[in-house]
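Raw final.txt, compact mmCIF, N, CA and C atoms and all ligand atoms:
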# COMPACT_ATOMS: atom_id res chain seq x y z
N MET A 1 2.74 18.17 5.49
CA MET A 1 3.07 16.79 5.85
C MET A 1 2.16 16.33 6.99
N THR A 2 1.53 15.20 6.81
CA THR A 2 0.68 14.64 7.87
C THR A 2 1.40 13.45 8.48
N GLN A 3 1.29 13.33 9.78
CA GLN A 3 1.97 12.22 10.43
C GLN A 3 1.09 11.64 11.54
N TRP A 4 1.08 10.33 11.61
CA TRP A 4 0.35 9.65 12.69
C TRP A 4 1.34 8.80 13.47
N THR A 5 1.30 8.90 14.77
CA THR A 5 2.10 8.00 15.59
C THR A 5 1.14 7.00 16.21
N ILE A 6 1.49 5.74 16.04
CA ILE A 6 0.55 4.66 16.27
C ILE A 6 1.08 3.69 17.30
N ASP A 7 0.22 3.27 18.22
CA ASP A 7 0.65 2.38 19.31
C ASP A 7 0.30 0.92 19.10
N SER A 8 -0.62 0.67 18.17
CA SER A 8 -1.12 -0.70 18.07
C SER A 8 -1.62 -1.00 16.66
N LEU A 9 -1.80 -2.27 16.41
CA LEU A 9 -2.35 -2.73 15.14
C LEU A 9 -3.73 -2.09 14.89
N GLU A 10 -4.50 -1.99 15.95
CA GLU A 10 -5.85 -1.41 15.83
C GLU A 10 -5.77 0.05 15.38
N ASP A 11 -4.78 0.78 15.85
CA ASP A 11 -4.62 2.18 15.43
C ASP A 11 -4.25 2.25 13.95
N THR A 12 -3.41 1.35 13.50
CA THR A 12 -3.06 1.32 12.07
C THR A 12 -4.32 1.09 11.25
N HIS A 13 -5.15 0.18 11.74
CA HIS A 13 -6.41 -0.10 11.04
C HIS A 13 -7.25 1.17 10.95
N GLN A 14 -7.36 1.88 12.05
CA GLN A 14 -8.21 3.09 12.05
C GLN A 14 -7.66 4.18 11.15
N VAL A 15 -6.34 4.34 11.14
CA VAL A 15 -5.74 5.35 10.26
C VAL A 15 -5.99 4.98 8.80
N ALA A 16 -5.82 3.71 8.48
CA ALA A 16 -6.00 3.27 7.09
C ALA A 16 -7.46 3.42 6.64
N VAL A 17 -8.37 3.10 7.52
CA VAL A 17 -9.79 3.25 7.18
C VAL A 17 -10.12 4.73 6.98
N ALA A 18 -9.64 5.59 7.88
CA ALA A 18 -9.89 7.03 7.74
C ALA A 18 -9.27 7.55 6.45
N PHE A 19 -8.08 7.10 6.16
CA PHE A 19 -7.38 7.51 4.94
C PHE A 19 -8.17 7.07 3.70
N SER A 20 -8.74 5.89 3.74
CA SER A 20 -9.44 5.36 2.57
C SER A 20 -10.68 6.18 2.23
N ALA A 21 -11.24 6.86 3.24
CA ALA A 21 -12.48 7.60 3.02
C ALA A 21 -12.31 8.72 2.02
N ASP A 22 -11.09 9.26 1.90
CA ASP A 22 -10.86 10.39 0.99
C ASP A 22 -10.38 9.96 -0.39
N LEU A 23 -10.24 8.67 -0.59
CA LEU A 23 -9.68 8.23 -1.88
C LEU A 23 -10.71 8.34 -2.99
N LYS A 24 -10.20 8.54 -4.19
CA LYS A 24 -11.08 8.61 -5.36
C LYS A 24 -10.45 7.82 -6.50
N ALA A 25 -11.26 7.54 -7.47
CA ALA A 25 -10.78 6.77 -8.62
C ALA A 25 -9.59 7.47 -9.25
N GLY A 26 -8.58 6.71 -9.58
CA GLY A 26 -7.38 7.25 -10.22
C GLY A 26 -6.25 7.52 -9.24
N ASP A 27 -6.54 7.46 -7.93
CA ASP A 27 -5.47 7.68 -6.95
C ASP A 27 -4.49 6.51 -6.96
N VAL A 28 -3.22 6.85 -6.78
CA VAL A 28 -2.17 5.84 -6.65
C VAL A 28 -1.44 6.13 -5.34
N ILE A 29 -1.32 5.10 -4.50
CA ILE A 29 -0.68 5.27 -3.19
C ILE A 29 0.56 4.40 -3.13
N CYS A 30 1.70 5.04 -2.89
CA CYS A 30 2.95 4.31 -2.71
C CYS A 30 3.17 4.10 -1.23
N LEU A 31 3.46 2.87 -0.84
CA LEU A 31 3.74 2.56 0.57
C LEU A 31 5.22 2.22 0.73
N PHE A 32 5.95 3.13 1.37
CA PHE A 32 7.36 2.90 1.64
C PHE A 32 7.50 2.33 3.05
N GLY A 33 8.53 1.56 3.27
CA GLY A 33 8.77 1.03 4.61
C GLY A 33 9.46 -0.31 4.52
N GLU A 34 10.24 -0.60 5.54
CA GLU A 34 11.04 -1.82 5.53
C GLU A 34 10.14 -3.07 5.60
N MET A 35 10.78 -4.21 5.46
CA MET A 35 10.06 -5.48 5.56
C MET A 35 9.42 -5.59 6.95
N GLY A 36 8.16 -5.94 6.96
CA GLY A 36 7.47 -6.09 8.25
C GLY A 36 6.99 -4.78 8.86
N ALA A 37 7.13 -3.69 8.13
CA ALA A 37 6.72 -2.38 8.68
C ALA A 37 5.21 -2.34 8.88
N GLY A 38 4.48 -3.00 7.98
CA GLY A 38 3.02 -3.00 8.08
C GLY A 38 2.33 -2.52 6.81
N LYS A 39 3.03 -2.59 5.70
CA LYS A 39 2.45 -2.13 4.43
C LYS A 39 1.23 -2.97 4.04
N THR A 40 1.39 -4.28 4.06
CA THR A 40 0.27 -5.14 3.67
C THR A 40 -0.87 -5.02 4.67
N THR A 41 -0.51 -4.88 5.94
CA THR A 41 -1.52 -4.67 6.98
C THR A 41 -2.33 -3.41 6.69
N PHE A 42 -1.64 -2.36 6.28
CA PHE A 42 -2.30 -1.10 5.95
C PHE A 42 -3.22 -1.29 4.74
N VAL A 43 -2.75 -2.00 3.73
CA VAL A 43 -3.56 -2.25 2.53
C VAL A 43 -4.83 -3.00 2.91
N SER A 44 -4.68 -3.97 3.79
CA SER A 44 -5.81 -4.78 4.21
C SER A 44 -6.91 -3.91 4.84
N SER A 45 -6.50 -2.97 5.67
CA SER A 45 -7.48 -2.09 6.32
C SER A 45 -8.04 -1.08 5.34
N LEU A 46 -7.21 -0.64 4.42
CA LEU A 46 -7.68 0.30 3.40
C LEU A 46 -8.74 -0.36 2.52
N VAL A 47 -8.49 -1.60 2.15
CA VAL A 47 -9.44 -2.36 1.33
C VAL A 47 -10.75 -2.56 2.11
N ALA A 48 -10.62 -2.87 3.39
CA ALA A 48 -11.82 -3.02 4.23
C ALA A 48 -12.57 -1.70 4.32
N GLY A 49 -11.82 -0.60 4.44
CA GLY A 49 -12.42 0.73 4.53
C GLY A 49 -13.19 1.08 3.28
N LEU A 50 -12.77 0.52 2.15
CA LEU A 50 -13.46 0.79 0.89
C LEU A 50 -14.62 -0.18 0.66
N GLY A 51 -14.89 -0.99 1.67
CA GLY A 51 -16.10 -1.78 1.62
C GLY A 51 -15.95 -3.18 1.06
N SER A 52 -14.70 -3.63 0.91
CA SER A 52 -14.52 -4.99 0.42
C SER A 52 -14.41 -5.94 1.61
N GLU A 53 -14.93 -7.14 1.43
CA GLU A 53 -14.78 -8.14 2.49
C GLU A 53 -13.70 -9.15 2.13
N ASP A 54 -12.97 -8.85 1.05
CA ASP A 54 -11.93 -9.78 0.62
C ASP A 54 -10.78 -9.82 1.63
N TRP A 55 -10.15 -10.94 1.71
CA TRP A 55 -8.98 -11.13 2.56
C TRP A 55 -7.76 -10.66 1.77
N VAL A 56 -6.97 -9.78 2.36
CA VAL A 56 -5.78 -9.27 1.67
C VAL A 56 -4.54 -9.99 2.18
N SER A 57 -3.78 -10.52 1.27
CA SER A 57 -2.52 -11.15 1.64
C SER A 57 -1.41 -10.54 0.80
N SER A 58 -0.19 -10.89 1.09
CA SER A 58 0.90 -10.41 0.25
C SER A 58 0.80 -11.12 -1.09
N PRO A 59 0.76 -10.36 -2.17
CA PRO A 59 0.66 -11.03 -3.47
C PRO A 59 2.02 -11.61 -3.88
N THR A 60 2.48 -12.54 -3.07
CA THR A 60 3.84 -13.06 -3.21
C THR A 60 4.12 -13.62 -4.60
N PHE A 61 3.22 -14.42 -5.07
CA PHE A 61 3.49 -15.10 -6.33
C PHE A 61 2.82 -14.42 -7.51
N SER A 62 1.81 -13.62 -7.20
CA SER A 62 1.03 -13.07 -8.30
C SER A 62 1.42 -11.64 -8.66
N LEU A 63 2.16 -10.97 -7.74
CA LEU A 63 2.58 -9.59 -7.97
C LEU A 63 1.45 -8.58 -7.90
N VAL A 64 0.30 -8.99 -8.40
CA VAL A 64 -0.84 -8.07 -8.38
C VAL A 64 -2.11 -8.79 -7.96
N GLN A 65 -2.91 -8.10 -7.14
CA GLN A 65 -4.21 -8.63 -6.75
C GLN A 65 -5.22 -7.50 -6.79
N GLU A 66 -6.46 -7.86 -7.01
CA GLU A 66 -7.50 -6.83 -7.05
C GLU A 66 -8.62 -7.16 -6.08
N TYR A 67 -9.18 -6.10 -5.52
CA TYR A 67 -10.27 -6.25 -4.55
C TYR A 67 -11.40 -5.33 -4.97
N GLN A 68 -12.62 -5.76 -4.71
CA GLN A 68 -13.79 -4.96 -5.08
C GLN A 68 -14.37 -4.28 -3.86
N GLY A 69 -14.81 -3.07 -4.02
CA GLY A 69 -15.44 -2.33 -2.93
C GLY A 69 -16.08 -1.09 -3.51
N ARG A 70 -16.29 -0.08 -2.66
CA ARG A 70 -16.79 1.21 -3.17
C ARG A 70 -15.94 1.65 -4.36
N LEU A 71 -14.64 1.45 -4.24
CA LEU A 71 -13.71 1.60 -5.35
C LEU A 71 -12.93 0.31 -5.45
N PRO A 72 -12.67 -0.18 -6.66
CA PRO A 72 -11.80 -1.34 -6.75
C PRO A 72 -10.36 -0.96 -6.39
N VAL A 73 -9.65 -1.89 -5.77
CA VAL A 73 -8.26 -1.64 -5.38
C VAL A 73 -7.37 -2.64 -6.11
N ARG A 74 -6.34 -2.12 -6.74
CA ARG A 74 -5.32 -2.98 -7.34
C ARG A 74 -4.09 -2.88 -6.46
N HIS A 75 -3.65 -4.00 -5.94
CA HIS A 75 -2.55 -4.07 -4.97
C HIS A 75 -1.33 -4.69 -5.65
N LEU A 76 -0.27 -3.90 -5.75
CA LEU A 76 0.97 -4.39 -6.35
C LEU A 76 2.04 -4.53 -5.28
N ASP A 77 2.74 -5.64 -5.27
CA ASP A 77 3.89 -5.81 -4.38
C ASP A 77 5.09 -6.10 -5.28
N LEU A 78 5.96 -5.10 -5.40
CA LEU A 78 7.04 -5.19 -6.38
C LEU A 78 8.34 -5.72 -5.79
N TYR A 79 8.25 -6.24 -4.56
CA TYR A 79 9.48 -6.64 -3.86
C TYR A 79 10.37 -7.57 -4.69
N ARG A 80 9.75 -8.55 -5.29
CA ARG A 80 10.54 -9.56 -5.98
C ARG A 80 10.90 -9.22 -7.42
N LEU A 81 10.43 -8.07 -7.82
CA LEU A 81 10.64 -7.71 -9.21
C LEU A 81 12.07 -7.24 -9.45
N GLN A 82 12.67 -7.74 -10.48
CA GLN A 82 13.99 -7.25 -10.89
C GLN A 82 13.77 -6.07 -11.83
N GLY A 83 14.61 -5.07 -11.69
CA GLY A 83 14.46 -3.87 -12.52
C GLY A 83 14.31 -4.19 -14.00
N SER A 84 15.08 -5.16 -14.44
CA SER A 84 15.07 -5.48 -15.87
C SER A 84 13.75 -6.10 -16.31
N GLU A 85 12.97 -6.57 -15.33
CA GLU A 85 11.69 -7.19 -15.69
C GLU A 85 10.58 -6.18 -15.92
N LEU A 86 10.81 -4.94 -15.47
CA LEU A 86 9.74 -3.94 -15.54
C LEU A 86 9.20 -3.80 -16.95
N GLY A 87 10.12 -3.71 -17.91
CA GLY A 87 9.69 -3.56 -19.29
C GLY A 87 9.04 -4.83 -19.80
N LEU A 88 9.64 -5.95 -19.43
CA LEU A 88 9.17 -7.25 -19.94
C LEU A 88 7.73 -7.52 -19.53
N MET A 89 7.40 -7.16 -18.28
CA MET A 89 6.05 -7.49 -17.81
C MET A 89 5.06 -6.38 -18.15
N ASP A 90 5.54 -5.35 -18.80
CA ASP A 90 4.66 -4.27 -19.20
C ASP A 90 3.96 -3.65 -17.99
N ILE A 91 4.76 -3.16 -17.07
CA ILE A 91 4.24 -2.61 -15.81
C ILE A 91 3.26 -1.47 -16.07
N ASP A 92 3.45 -0.77 -17.14
CA ASP A 92 2.57 0.38 -17.42
C ASP A 92 1.11 -0.06 -17.55
N ARG A 93 0.94 -1.28 -17.99
CA ARG A 93 -0.42 -1.81 -18.12
C ARG A 93 -1.07 -1.91 -16.73
N TYR A 94 -0.29 -2.33 -15.74
CA TYR A 94 -0.83 -2.46 -14.39
C TYR A 94 -1.08 -1.10 -13.74
N LEU A 95 -0.31 -0.11 -14.18
CA LEU A 95 -0.44 1.23 -13.60
C LEU A 95 -1.59 2.02 -14.23
N ASP A 96 -2.18 1.45 -15.23
CA ASP A 96 -3.30 2.10 -15.91
C ASP A 96 -4.60 1.54 -15.31
N PHE A 97 -5.14 2.27 -14.33
CA PHE A 97 -6.31 1.76 -13.59
C PHE A 97 -7.17 2.94 -13.15
N PRO A 98 -7.67 3.72 -14.12
CA PRO A 98 -8.38 4.95 -13.78
C PRO A 98 -9.68 4.71 -13.03
N GLN A 99 -10.21 3.50 -13.10
CA GLN A 99 -11.51 3.23 -12.46
C GLN A 99 -11.38 2.96 -10.97
N GLY A 100 -10.16 2.84 -10.46
CA GLY A 100 -10.01 2.49 -9.05
C GLY A 100 -8.74 3.07 -8.45
N VAL A 101 -8.32 2.44 -7.36
CA VAL A 101 -7.17 2.90 -6.59
C VAL A 101 -6.06 1.86 -6.72
N ILE A 102 -4.84 2.33 -6.91
CA ILE A 102 -3.69 1.43 -6.93
C ILE A 102 -2.87 1.65 -5.66
N VAL A 103 -2.49 0.56 -5.01
CA VAL A 103 -1.60 0.66 -3.85
C VAL A 103 -0.35 -0.16 -4.16
N ILE A 104 0.81 0.45 -3.94
CA ILE A 104 2.06 -0.19 -4.36
C ILE A 104 3.00 -0.37 -3.18
N GLU A 105 3.35 -1.63 -2.89
CA GLU A 105 4.42 -1.90 -1.92
C GLU A 105 5.75 -1.96 -2.68
N TRP A 106 6.80 -1.50 -2.06
CA TRP A 106 8.14 -1.42 -2.66
C TRP A 106 8.12 -0.60 -3.95
N PRO A 107 7.56 0.61 -3.87
CA PRO A 107 7.42 1.44 -5.08
C PRO A 107 8.76 1.91 -5.64
N ASP A 108 9.83 1.87 -4.81
CA ASP A 108 11.14 2.27 -5.33
C ASP A 108 11.54 1.47 -6.56
N GLN A 109 10.99 0.28 -6.64
CA GLN A 109 11.31 -0.60 -7.77
C GLN A 109 10.90 0.02 -9.11
N LEU A 110 10.02 0.99 -9.04
CA LEU A 110 9.55 1.61 -10.28
C LEU A 110 10.52 2.65 -10.82
N GLY A 111 11.49 3.03 -10.01
CA GLY A 111 12.50 3.99 -10.47
C GLY A 111 11.86 5.24 -11.04
N GLN A 112 12.21 5.53 -12.26
CA GLN A 112 11.76 6.78 -12.89
C GLN A 112 10.27 6.80 -13.17
N ARG A 113 9.64 5.66 -13.07
CA ARG A 113 8.19 5.65 -13.33
C ARG A 113 7.40 6.26 -12.17
N LEU A 114 8.03 6.38 -11.01
CA LEU A 114 7.36 6.99 -9.86
C LEU A 114 6.92 8.41 -10.23
N SER A 115 5.65 8.66 -10.04
CA SER A 115 5.11 9.95 -10.48
C SER A 115 4.96 10.93 -9.31
N ASP A 116 5.18 12.19 -9.58
CA ASP A 116 4.97 13.25 -8.58
C ASP A 116 3.52 13.33 -8.14
N ARG A 117 2.66 12.86 -8.99
CA ARG A 117 1.22 13.00 -8.71
C ARG A 117 0.71 11.95 -7.73
N TRP A 118 1.50 10.95 -7.45
CA TRP A 118 1.05 9.87 -6.58
C TRP A 118 1.17 10.25 -5.10
N ILE A 119 0.30 9.64 -4.30
CA ILE A 119 0.34 9.82 -2.85
C ILE A 119 1.44 8.91 -2.30
N LYS A 120 2.24 9.44 -1.38
CA LYS A 120 3.35 8.64 -0.84
C LYS A 120 3.26 8.58 0.68
N LEU A 121 3.16 7.36 1.19
CA LEU A 121 3.11 7.14 2.64
C LEU A 121 4.33 6.32 3.05
N SER A 122 4.91 6.68 4.16
CA SER A 122 5.99 5.87 4.69
C SER A 122 5.57 5.32 6.05
N ILE A 123 5.86 4.06 6.27
CA ILE A 123 5.57 3.43 7.57
C ILE A 123 6.90 3.05 8.21
N GLU A 124 7.13 3.59 9.40
CA GLU A 124 8.36 3.27 10.12
C GLU A 124 8.02 2.50 11.38
N VAL A 125 8.85 1.52 11.68
CA VAL A 125 8.68 0.78 12.94
C VAL A 125 9.38 1.58 14.03
N LEU A 126 8.65 1.89 15.09
CA LEU A 126 9.28 2.59 16.20
C LEU A 126 9.74 1.57 17.23
N ASP A 127 8.80 0.82 17.77
CA ASP A 127 9.15 -0.14 18.81
C ASP A 127 7.96 -1.06 18.97
N GLY A 128 8.16 -2.34 19.00
CA GLY A 128 7.05 -3.27 19.18
C GLY A 128 5.97 -3.03 18.15
N ASP A 129 4.77 -2.73 18.63
CA ASP A 129 3.64 -2.50 17.72
C ASP A 129 3.50 -1.02 17.34
N CYS A 130 4.42 -0.20 17.79
CA CYS A 130 4.34 1.25 17.47
C CYS A 130 4.88 1.52 16.07
N ARG A 131 4.21 2.40 15.40
CA ARG A 131 4.61 2.77 14.04
C ARG A 131 4.46 4.27 13.87
N ARG A 132 5.20 4.82 12.93
CA ARG A 132 4.97 6.19 12.52
C ARG A 132 4.63 6.18 11.04
N ILE A 133 3.47 6.71 10.72
CA ILE A 133 3.04 6.78 9.33
C ILE A 133 3.10 8.24 8.90
N THR A 134 3.82 8.49 7.84
CA THR A 134 4.01 9.86 7.36
C THR A 134 3.51 9.96 5.94
N ARG A 135 2.69 10.97 5.71
CA ARG A 135 2.28 11.25 4.34
C ARG A 135 3.30 12.22 3.76
N LEU A 136 4.09 11.75 2.82
CA LEU A 136 5.20 12.55 2.31
C LEU A 136 4.70 13.62 1.36
N ILE A 137 3.69 13.30 0.59
CA ILE A 137 3.13 14.28 -0.35
C ILE A 137 1.62 14.20 -0.25
N1 LIG B 201 0.83 -0.96 14.54
C1 LIG B 201 1.05 -1.90 13.63
N2 LIG B 201 0.78 -1.63 12.33
C2 LIG B 201 1.01 -2.57 11.39
N3 LIG B 201 1.49 -3.80 11.60
C3 LIG B 201 1.77 -4.12 12.88
C4 LIG B 201 1.56 -3.18 13.93
N4 LIG B 201 1.93 -3.77 15.07
C5 LIG B 201 2.33 -4.99 14.76
N5 LIG B 201 2.25 -5.23 13.46
C6 LIG B 201 2.61 -6.50 12.82
O1 LIG B 201 3.70 -6.25 11.94
C7 LIG B 201 3.58 -7.11 10.81
C8 LIG B 201 3.53 -6.29 9.54
O2 LIG B 201 3.52 -7.18 8.46
P1 LIG B 201 3.14 -6.74 6.99
O3 LIG B 201 3.08 -7.98 6.18
O4 LIG B 201 1.97 -5.84 7.02
O5 LIG B 201 4.44 -5.89 6.61
P2 LIG B 201 4.93 -5.41 5.16
O6 LIG B 201 5.44 -4.02 5.38
O7 LIG B 201 3.88 -5.62 4.18
O8 LIG B 201 6.16 -6.37 4.90
P3 LIG B 201 6.79 -6.86 3.50
O9 LIG B 201 7.75 -5.81 3.06
O10 LIG B 201 7.49 -8.14 3.85
O11 LIG B 201 5.67 -7.04 2.52
C9 LIG B 201 2.32 -7.94 10.99
O12 LIG B 201 2.67 -9.16 11.57
C10 LIG B 201 1.52 -7.09 11.97
O13 LIG B 201 0.63 -7.85 12.76
MG MG B 202 3.82 -6.67 2.40
Produce structure tokens that represent the structure in this file.
Amino acid sequence: MTQWTIDSLEDTHQVAVAFSADLKAGDVICLFGEMGAGKTTFVSSLVAGLGSEDWVSSPTFSLVQEYQGRLPVRHLDLYRLQGSELGLMDIDRYLDFPQGVIVIEWPDQLGQRLSDRWIKLSIEVLDGDCRRITRLI
């Protein structure tokens, strides 16, 4: 288990950039953490670390966004998804992205589709700008 204790937004950026350096095509990263923990912030730095200059926002209305870089990143935010919609929207199609990296906010929404093979990070708010990021697997 790897863990980083972070004091500032800038530290989160550095951890995410360092983390992105080891990513390879086909990796899937689940980001666990409460609302406002810093999941989207982490994705933004990860995308920058992979060499994209795109601006990362919460894919509030689109559910999925893609960014180009050394590796393309597909960013899913499943917060608003109802369980019953998973089949309807054919989520498996979005999870099929062997050419790049997938990052998923609110991955619990996937239920049984969550794979043991995926990387799982949890972001906890400690106090103010402090966070604890734990690599669960
Ligand atoms: N060390 C830190 N790491 C990450 N975010 C931080 C940190 N310190 C402060 N913040 C602030 O916390 C907020 C995190 O918001 P962000 O949208 O990234 O959260 P989220 O986990 O994606 O939330 P949601 O579940 O609503 O999508 C931002 O306003 C960010 O500036
Ligand atoms: Mg978010």
With the cut-off set at 5 Å and counting all atoms listed in the file, tabulate each residue of chain A with an atom at most that distance from an atom of ligand LIG 201 (chain B), showing the nearest atom pair and its distance in Å to one decimal, ordered by chain and increasing number, as JSON lines.
{"residue": "A:Asp7", "atom": "C", "partner": "B:LIG201", "partner_atom": "N1", "distance": 5.0}
{"residue": "A:Ser8", "atom": "C", "partner": "B:LIG201", "partner_atom": "N1", "distance": 3.2}
{"residue": "A:Leu9", "atom": "N", "partner": "B:LIG201", "partner_atom": "N1", "distance": 3.5}
{"residue": "A:Thr12", "atom": "CA", "partner": "B:LIG201", "partner_atom": "N2", "distance": 4.8}
{"residue": "A:Glu34", "atom": "C", "partner": "B:LIG201", "partner_atom": "O9", "distance": 4.4}
{"residue": "A:Met35", "atom": "CA", "partner": "B:LIG201", "partner_atom": "O9", "distance": 3.4}
{"residue": "A:Gly36", "atom": "N", "partner": "B:LIG201", "partner_atom": "O8", "distance": 2.9}
{"residue": "A:Ala37", "atom": "N", "partner": "B:LIG201", "partner_atom": "O6", "distance": 3.2}
{"residue": "A:Gly38", "atom": "N", "partner": "B:LIG201", "partner_atom": "O6", "distance": 3.0}
{"residue": "A:Lys39", "atom": "N", "partner": "B:LIG201", "partner_atom": "O6", "distance": 2.8}
{"residue": "A:Thr40", "atom": "N", "partner": "B:LIG201", "partner_atom": "O7", "distance": 2.8}
{"residue": "A:Thr41", "atom": "N", "partner": "B:LIG201", "partner_atom": "O4", "distance": 2.9}
{"residue": "A:Asp129", "atom": "CA", "partner": "B:LIG201", "partner_atom": "N4", "distance": 3.4}
{"residue": "A:Cys130", "atom": "N", "partner": "B:LIG201", "partner_atom": "N1", "distance": 4.9}
{"residue": "A:Arg131", "atom": "N", "partner": "B:LIG201", "partner_atom": "N1", "distance": 4.8}
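DSSP on the backbone gives strand (DSSP E or B) for these parts of segment 58-113 of chain A: Val64, Gln65, Glu66, Tyr67, Val73, Arg74, His75, Leu76, Asp77, Val101, Ile102, Val103, Ile104 and Glu105 of chain A.
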Could you dump the residues just selected with N, CA and C atoms as a JSON list (two decimals), in the frame of the given file?
[["chain", "number", "residue", "atom", "x", "y", "z"],
["A", 64, "VAL", "N", 0.30, -8.99, -8.40],
["A", 64, "VAL", "CA", -0.84, -8.07, -8.38],
["A", 64, "VAL", "C", -2.11, -8.79, -7.96],
["A", 65, "GLN", "N", -2.91, -8.10, -7.14],
["A", 65, "GLN", "CA", -4.21, -8.63, -6.75],
["A", 65, "GLN", "C", -5.22, -7.50, -6.79],
["A", 66, "GLU", "N", -6.46, -7.86, -7.01],
["A", 66, "GLU", "CA", -7.50, -6.83, -7.05],
["A", 66, "GLU", "C", -8.62, -7.16, -6.08],
["A", 67, "TYR", "N", -9.18, -6.10, -5.52],
["A", 67, "TYR", "CA", -10.27, -6.25, -4.55],
["A", 67, "TYR", "C", -11.40, -5.33, -4.97],
["A", 73, "VAL", "N", -9.65, -1.89, -5.77],
["A", 73, "VAL", "CA", -8.26, -1.64, -5.38],
["A", 73, "VAL", "C", -7.37, -2.64, -6.11],
["A", 74, "ARG", "N", -6.34, -2.12, -6.74],
["A", 74, "ARG", "CA", -5.32, -2.98, -7.34],
["A", 74, "ARG", "C", -4.09, -2.88, -6.46],
["A", 75, "HIS", "N", -3.65, -4.00, -5.94],
["A", 75, "HIS", "CA", -2.55, -4.07, -4.97],
["A", 75, "HIS", "C", -1.33, -4.69, -5.65],
["A", 76, "LEU", "N", -0.27, -3.90, -5.75],
["A", 76, "LEU", "CA", 0.97, -4.39, -6.35],
["A", 76, "LEU", "C", 2.04, -4.53, -5.28],
["A", 77, "ASP", "N", 2.74, -5.64, -5.27],
["A", 77, "ASP", "CA", 3.89, -5.81, -4.38],
["A", 77, "ASP", "C", 5.09, -6.10, -5.28],
["A", 101, "VAL", "N", -8.32, 2.44, -7.36],
["A", 101, "VAL", "CA", -7.17, 2.90, -6.59],
["A", 101, "VAL", "C", -6.06, 1.86, -6.72],
["A", 102, "ILE", "N", -4.84, 2.33, -6.91],
["A", 102, "ILE", "CA", -3.69, 1.43, -6.93],
["A", 102, "ILE", "C", -2.87, 1.65, -5.66],
["A", 103, "VAL", "N", -2.49, 0.56, -5.01],
["A", 103, "VAL", "CA", -1.60, 0.66, -3.85],
["A", 103, "VAL", "C", -0.35, -0.16, -4.16],
["A", 104, "ILE", "N", 0.81, 0.45, -3.94],
["A", 104, "ILE", "CA", 2.06, -0.19, -4.36],
["A", 104, "ILE", "C", 3.00, -0.37, -3.18],
["A", 105, "GLU", "N", 3.35, -1.63, -2.89],
["A", 105, "GLU", "CA", 4.42, -1.90, -1.92],
["A", 105, "GLU", "C", 5.75, -1.96, -2.68]]
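Using only C-alpha atoms for every distance, the candidate list A:Gln65, A:Ser20, A:Gln112, A:Thr5 yields A:Ser20 as the residue closest to Ala48 of chain A.
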Considering only N, CA and C atoms, return as a ChimeraX atom specification whatever protein or nucleic-acid residues lie within 6 Å of Gln68 of chain A, sequence-local ones (same chain, fewer than 4 positions apart) excluded.
/A:51-52,72-73
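With atom CA of Glu53 of chain A on one side and atom C of Glu66 of chain A on the other, the separation reads 10.6 Å.
Minimum distance to ligand MG 202 (chain B) across A:Ile91, A:Ile6, A:Ile123, A:Leu23 (counting only C-alpha atoms and all ligand atoms) occurs at A:Ile123.
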Let me have all residues with an atom within 12 Å of ligand MG 202 (chain B), counting only C-alpha atoms and all ligand atoms, laid out as an MDAnalysis selection string.
chainID A and resid 31:44 56:60 63:64 75:80 103:107 123
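Shortest separation to Arg132 of chain A among A:Phe97, A:Trp118, A:Trp4, A:Tyr67 occurs at residue A:Trp4, atoms counted being all atoms listed in the file.
The coordinates place atom CA of Ala21 of chain A at 15.8 Å from atom N of Arg135 of chain A.
Atom CA of Leu95 of chain A is positioned 10.6 Å from atom N of Gly26 of chain A.
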Contacts of Gly49 of chain A within 9 Å, only C-alpha atoms, excl. fewer than 4 positions in-chain, as a ChimeraX atom specification:
/A:13-14,16-21,44-45,69-70
Kindly compute an axis-aligned box around the listed atoms of segment 111-116 of chain A, allowing 3 Å on each side, and express its centre and edge lengths in Å to one decimal as JSON.
{"center_x": 8.0, "center_y": 8.2, "center_z": -10.7, "size_x": 15.0, "size_y": 16.3, "size_z": 11.2}
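Shortest separation to Asp92 of chain A among A:Val15, A:Leu114, A:Leu136, A:Leu71 occurs at residue A:Leu114, atoms counted being only C-alpha atoms.
Between Gln109 of chain A and the candidates A:Ala25, A:Asp11, A:Leu81, A:Val47, the tightest atom-to-atom separation, counting all atoms listed in the file, involves A:Leu81.
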